[in-house]
Structure formats: C-alpha cells, structure tokens
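S.K.: Provided below: entry_38.txt, containing compact mmCIF, C-alpha atoms.
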```
# COMPACT_ATOMS: atom_id res chain seq x y z
CA MET O 1 -46.88 5.31 -26.06
CA PRO O 2 -43.34 4.01 -26.65
CA GLU O 3 -40.40 6.23 -25.78
CA GLN O 4 -38.91 8.02 -28.79
CA GLN O 5 -35.78 6.34 -30.07
CA GLN O 6 -32.68 8.51 -30.34
CA THR O 7 -31.51 8.83 -33.93
CA LEU O 8 -28.72 11.39 -33.59
CA PRO O 9 -25.49 10.25 -31.95
CA ASP O 10 -24.03 12.04 -28.96
CA VAL O 11 -21.27 14.57 -29.63
CA ARG O 12 -18.29 13.95 -27.31
CA LYS O 13 -15.12 15.98 -27.07
CA SER O 14 -12.29 15.86 -24.58
CA VAL O 15 -9.12 17.58 -23.46
CA THR O 16 -6.40 16.62 -20.98
CA VAL O 17 -5.17 19.37 -18.66
CA ALA O 18 -2.52 19.69 -15.96
CA ALA O 19 -4.79 19.86 -12.91
CA THR O 20 -6.64 17.52 -10.57
CA PRO O 21 -10.28 16.57 -11.21
CA GLU O 22 -11.28 18.72 -8.23
CA GLU O 23 -9.43 21.74 -9.64
CA CYS O 24 -11.01 21.18 -13.06
CA PHE O 25 -14.50 20.94 -11.58
CA ALA O 26 -13.89 24.19 -9.66
CA VAL O 27 -12.72 26.04 -12.81
CA PHE O 28 -15.70 24.74 -14.75
CA THR O 29 -18.33 25.64 -12.16
CA GLU O 30 -16.81 28.63 -10.34
CA ARG O 31 -15.14 30.44 -13.25
CA PRO O 32 -17.35 30.03 -16.32
CA LYS O 33 -16.57 33.58 -17.45
CA ASP O 34 -12.92 32.49 -17.89
CA TRP O 35 -13.75 29.76 -20.44
CA TRP O 36 -17.25 30.32 -21.83
CA PRO O 37 -17.10 31.11 -25.59
CA PRO O 38 -17.88 34.81 -26.06
CA THR O 39 -20.17 34.04 -29.00
CA HIS O 40 -22.35 31.74 -26.85
CA ILE O 41 -24.70 34.38 -25.51
CA LEU O 42 -28.44 34.51 -24.96
CA VAL O 43 -28.96 37.93 -23.34
CA LYS O 44 -29.70 40.77 -25.74
CA LYS O 45 -27.51 43.41 -24.11
CA GLU O 46 -23.88 43.22 -22.98
CA ARG O 47 -23.30 40.15 -20.83
CA VAL O 48 -21.64 40.94 -17.51
CA GLY O 49 -21.76 37.60 -15.74
CA LEU O 50 -22.13 33.83 -15.86
CA ALA O 51 -22.71 31.51 -12.91
CA PHE O 52 -23.58 28.01 -11.79
CA GLU O 53 -25.83 27.54 -8.78
CA PRO O 54 -24.25 24.56 -6.97
CA GLY O 55 -26.15 21.33 -6.59
CA VAL O 56 -28.85 19.39 -8.39
CA GLY O 57 -31.64 21.71 -9.47
CA GLY O 58 -29.39 24.78 -9.62
CA ARG O 59 -29.38 26.96 -12.69
CA TYR O 60 -26.48 27.88 -14.88
CA TYR O 61 -27.23 31.28 -16.29
CA GLU O 62 -25.98 34.60 -17.57
CA TRP O 63 -27.02 38.19 -16.94
CA ASP O 64 -26.63 41.45 -18.78
CA VAL O 65 -25.88 45.07 -17.85
CA ASP O 66 -29.54 45.65 -16.94
CA GLY O 67 -29.63 42.59 -14.66
CA THR O 68 -31.75 40.52 -17.06
CA GLU O 69 -31.03 36.83 -16.43
CA ILE O 70 -31.43 33.95 -18.84
CA ALA O 71 -30.93 30.36 -17.72
CA TRP O 72 -28.99 28.08 -20.05
CA GLY O 73 -30.43 25.14 -18.11
CA ARG O 74 -30.65 23.26 -14.82
CA VAL O 75 -28.12 21.04 -13.08
CA LEU O 76 -29.10 17.36 -13.20
CA GLU O 77 -25.97 15.88 -11.56
CA TRP O 78 -23.44 17.65 -9.33
CA GLU O 79 -20.53 15.47 -8.22
CA PRO O 80 -17.54 17.73 -7.48
CA GLY O 81 -14.34 16.39 -8.98
CA ARG O 82 -16.20 13.73 -10.93
CA ARG O 83 -19.25 14.71 -12.99
CA LEU O 84 -21.62 17.51 -13.92
CA ALA O 85 -24.75 17.09 -16.04
CA MET O 86 -27.28 19.70 -17.01
CA THR O 87 -30.04 20.54 -19.44
CA TRP O 88 -29.24 22.72 -22.45
CA ARG O 89 -32.14 25.09 -23.16
CA ILE O 90 -31.44 26.02 -26.77
CA ASP O 91 -33.76 25.82 -29.74
CA PRO O 92 -32.62 24.91 -33.27
CA ASN O 93 -32.13 28.64 -34.00
CA TRP O 94 -29.75 29.02 -31.03
CA GLN O 95 -32.33 30.93 -29.02
CA SER O 96 -33.29 30.35 -25.40
CA ILE O 97 -36.17 28.10 -24.44
CA THR O 98 -37.71 28.36 -20.99
CA ASP O 99 -38.24 24.72 -20.07
CA ASP O 100 -36.43 21.39 -20.05
CA GLU O 101 -39.00 19.41 -22.05
CA ARG O 102 -37.34 20.29 -25.37
CA ALA O 103 -33.84 20.72 -23.94
CA SER O 104 -31.03 18.31 -24.70
CA GLU O 105 -28.37 17.63 -22.08
CA ILE O 106 -24.70 18.27 -21.49
CA GLU O 107 -22.54 15.83 -19.51
CA VAL O 108 -19.08 16.77 -18.27
CA ASP O 109 -16.83 14.08 -16.80
CA PHE O 110 -13.57 14.73 -14.95
CA GLU O 111 -11.27 11.68 -14.92
CA ALA O 112 -7.79 11.56 -13.41
CA VAL O 113 -5.21 10.42 -15.96
CA ASP O 114 -2.36 10.47 -13.44
CA GLU O 115 -1.49 12.42 -10.31
CA GLY O 116 -1.38 15.80 -12.02
CA HIS O 117 -3.56 15.48 -15.13
CA THR O 118 -7.28 15.20 -15.80
CA ARG O 119 -9.18 14.22 -18.90
CA VAL O 120 -12.28 16.40 -19.23
CA THR O 121 -14.97 15.05 -21.53
CA LEU O 122 -17.92 17.19 -22.59
CA ALA O 123 -20.82 15.45 -24.30
CA HIS O 124 -23.96 16.85 -25.89
CA VAL O 125 -26.57 14.09 -25.49
CA LYS O 126 -30.28 13.61 -26.30
CA LEU O 127 -30.01 16.03 -29.22
CA ASP O 128 -33.21 14.61 -30.73
CA LYS O 129 -35.14 16.56 -28.06
CA HIS O 130 -34.52 19.70 -30.15
CA GLY O 131 -37.08 18.45 -32.66
CA GLU O 132 -37.08 19.51 -36.31
CA GLY O 133 -33.77 21.40 -36.15
CA ALA O 134 -31.87 18.79 -34.15
CA GLU O 135 -29.80 17.71 -37.16
CA ARG O 136 -28.62 21.31 -37.66
CA ILE O 137 -27.52 21.50 -34.02
CA PHE O 138 -25.72 18.15 -34.34
CA ARG O 139 -23.82 19.32 -37.44
CA ALA O 140 -22.76 22.55 -35.71
CA LEU O 141 -21.43 20.65 -32.67
CA ASP O 142 -19.85 17.70 -34.46
CA GLY O 143 -16.40 19.08 -35.25
CA PRO O 144 -12.88 18.16 -34.25
CA SER O 145 -12.01 17.69 -30.59
CA PRO O 146 -11.52 19.50 -28.26
CA GLY O 147 -13.75 22.18 -29.77
CA GLU O 148 -13.92 25.84 -28.81
CA THR O 149 -15.41 25.38 -25.33
CA LEU O 150 -12.86 22.84 -24.10
CA GLU O 151 -10.02 24.72 -25.80
CA LEU O 152 -10.94 27.84 -23.81
CA PHE O 153 -11.42 25.73 -20.68
CA ALA O 154 -7.88 24.30 -21.05
CA LYS O 155 -6.50 27.84 -21.33
CA ALA O 156 -8.40 28.91 -18.20
CA VAL O 157 -6.95 25.95 -16.28
CA ALA O 158 -3.44 26.71 -17.54
CA ASN O 159 -3.79 30.39 -16.55
CA GLY O 160 -4.47 29.41 -12.94
CA PRO O 161 -6.78 31.08 -10.43
CA ARG O 162 -8.33 34.42 -11.29
CA SER O 163 -9.25 37.08 -8.80
```
The structure in this file should be written as structure tokens.

M.R.:
Amino acid sequence: MPEQQQTLPDVRKSVTVAATPEECFAVFTERPKDWWPPTHILVKKERVGLAFEPGVGGRYYEWDVDGTEIAWGRVLEWEPGRRLAMTWRIDPNWQSITDDERASEIEVDFEAVDEGHTRVTLAHVKLDKHGEGAERIFRALDGPSPGETLELFAKAVANGPRS
C-alpha cells in the first residue's frame, strides 16, 4: 500500500527574540505555563500545570486541580538549544486523542541570528493525519506570523526567568 501523499501544506510561524538558542529552548520546555495560550486546554477542570518530560519519548502534558493529566503528545526530537519535535494529539474538534497514529506533529527550531538573538520557528506538519477535519485545523492555524503561541513565548522570554 503506497504511503498517503500530504495534501495540506505545513503551517510555519516564527519570531525573533533577544536570547540565545539555549535560553529559548529552556523557556519553551521548562516554562510552558509562562507562554502556553490559556485557551489551549484539554483538561475539563481548572488547569494548574503544564510540563515537558525531557528527552525523546517524554510527554508534554497538562493537569487539573484534581490531578487528572492529559498528554498533548510525545517528544520525537529533543536537541537542547537547537530543535524540539513532538506529536500533537488533537482531533478536528480540538479534543484530545490518546495515540499518535492520528496525531500531526509540531517542530520547533531555535536558530541563532546573532550573538544575542534567536529566531524561533514553530511548524505544524503532517496535518493530513487529522483525517476528515484536517482542512479545518489548517485554516485555524494558518494566520499571520508569529501567531498567539509565539507572541506569548516572546513575552515570556522578554520577561526573563520566573520563580
């Protein structure tokens, strides 16, 4: 059986921030609560935390006030200061799915522009894996750059370390 051809293009957005690639990677993976859009939530009750488990195979997930956890996906690539890739376990109705078979992927690249600035590019790829509603997901993501997520990320970087 031939591999399914991708019909939807990737959605790529980027932002340049005043920080090193290593600092950007740390903000992205160690402080997701500082930049994660508040409307991007899968738990049913009040969300109290977000985290990345470091390394390939780790989860990125959220939990609510009752301790219920929902994984947004699994880490596929973990290269501190350079690249992060993970599955995105969302269905076309913006609900959680429990496996990676129907999950698209997110790629985040951290590229030094000069000594004190980094270009962070976030791409939603393999959107066709969402099936029937993939076009709806594409349309929702395909807006002007940098988009809400990277806009909030840039603010988190600019605000410096949090306690």

S.K.: Grab the atom CA of O:Ala158 to atom CA of O:Ile137 distance for me, in Å with one decimal place.

M.R.: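 Calculated distance between atom CA of O:Ala158 and atom CA of O:Ile137 is 29.6 Å.
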
S.K.: Can you pull out every residue within 9 Å of O:His117, counting all atoms listed in the file, but drop anything in the same chain fewer than 6 positions away, and send it as number ranges by chain?

M.R.: O: 16-21, 111

S.K.: Between atom CA of O:Thr29 and atom CA of O:Leu84, measure the distance and give it in Å to one decimal.

M.R.: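 Going from atom CA of O:Thr29 over to atom CA of O:Leu84 covers 8.9 Å.
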
S.K.: Which is closer to O:Arg83 than all the others in O:Ile70, O:Leu50, O:Ala103, O:Cys24, using all atoms listed in the file?

M.R.: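 For O:Arg83, the nearest of the given residues is O:Cys24.
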
S.K.: Can you work out which one of O:Lys44, O:Glu22, O:Trp78, O:Arg139 has the shortest atom-to-atom distance to O:Gly116, counting only C-alpha atoms?

M.R.: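 Ranking O:Lys44, O:Glu22, O:Trp78, O:Arg139 by distance to O:Gly116, first place goes to O:Glu22.
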
S.K.: Which residues are close to O:Pro9, i.e. within 8 Å by all atoms listed in the file, leaving aside same-chain residues fewer than 3 positions away? Reply as a tab-separated table (two decimals) with C-alpha atoms, in the coordinates of the input.

M.R.:
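Saved file result-v8.tsv follows:
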```tsv
chain	number	residue	atom	x	y	z
O	6	GLN	CA	-32.68	8.51	-30.34
O	125	VAL	CA	-26.57	14.09	-25.49
O	127	LEU	CA	-30.01	16.03	-29.22
```

S.K.: Which is closer to O:Val157 than all the others in O:Val120, O:Val65, O:Leu141, O:Ala112, using all atoms listed in the file?

M.R.: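 Nearest to O:Val157: O:Val120.
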
S.K.: Using all atoms listed in the file, which of the listed residues (O:Gly133, O:Thr149, O:Glu77, O:Lys155) sits closest to O:Pro38?

M.R.: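 Going through O:Gly133, O:Thr149, O:Glu77, O:Lys155 one by one, the smallest distance to O:Pro38 is for O:Thr149.
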
S.K.: Would you please work out which residue, of O:His130, O:Val113, O:Ala156, O:Arg82, is nearest to O:Asp99 when using all atoms listed in the file?

M.R.: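 Looking at the shortest contact to O:Asp99, the residue is O:His130.
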
S.K.: Just give me the residues with any atom within 9 Å of (-11.8, 23.7, -22.5), file coordinates, counting all atoms listed in the file, written as a list in words.

M.R.: Ser14, Val15, Val17, Phe28, Trp35, Trp36, Val120, Leu122, Pro146, Gly147, Glu148, Thr149, Leu150, Glu151, Leu152, Phe153, Ala154, Lys155, Ala156 and Val157 of chain O

S.K.: Which is closer to O:Ala51 than all the others in O:Val108, O:Leu76, O:Ala85, O:Ala71, using all atoms listed in the file?

M.R.: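 Once distances to O:Ala51 are computed over all atoms listed in the file, the minimum belongs to O:Ala71.
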
S.K.: At a cut-off of 10 Å, using only C-alpha atoms, what residues contact O:Glu101? Leave out same-chain residues fewer than 4 positions from it and give the result as a CSV table (one decimal) with C-alpha atoms, keeping the file's coordinate frame.

M.R.:
```csv
chain,number,residue,atom,x,y,z
O,87,THR,CA,-30.0,20.5,-19.4
O,89,ARG,CA,-32.1,25.1,-23.2
O,97,ILE,CA,-36.2,28.1,-24.4
O,129,LYS,CA,-35.1,16.6,-28.1
O,130,HIS,CA,-34.5,19.7,-30.2
```

S.K.: Can you measure atom CA of O:Trp88 to atom CA of O:Pro161 for me? One decimal in Å is fine.

M.R.: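 Atom-to-atom, atom CA of O:Trp88 and atom CA of O:Pro161 are spaced 26.8 Å apart.
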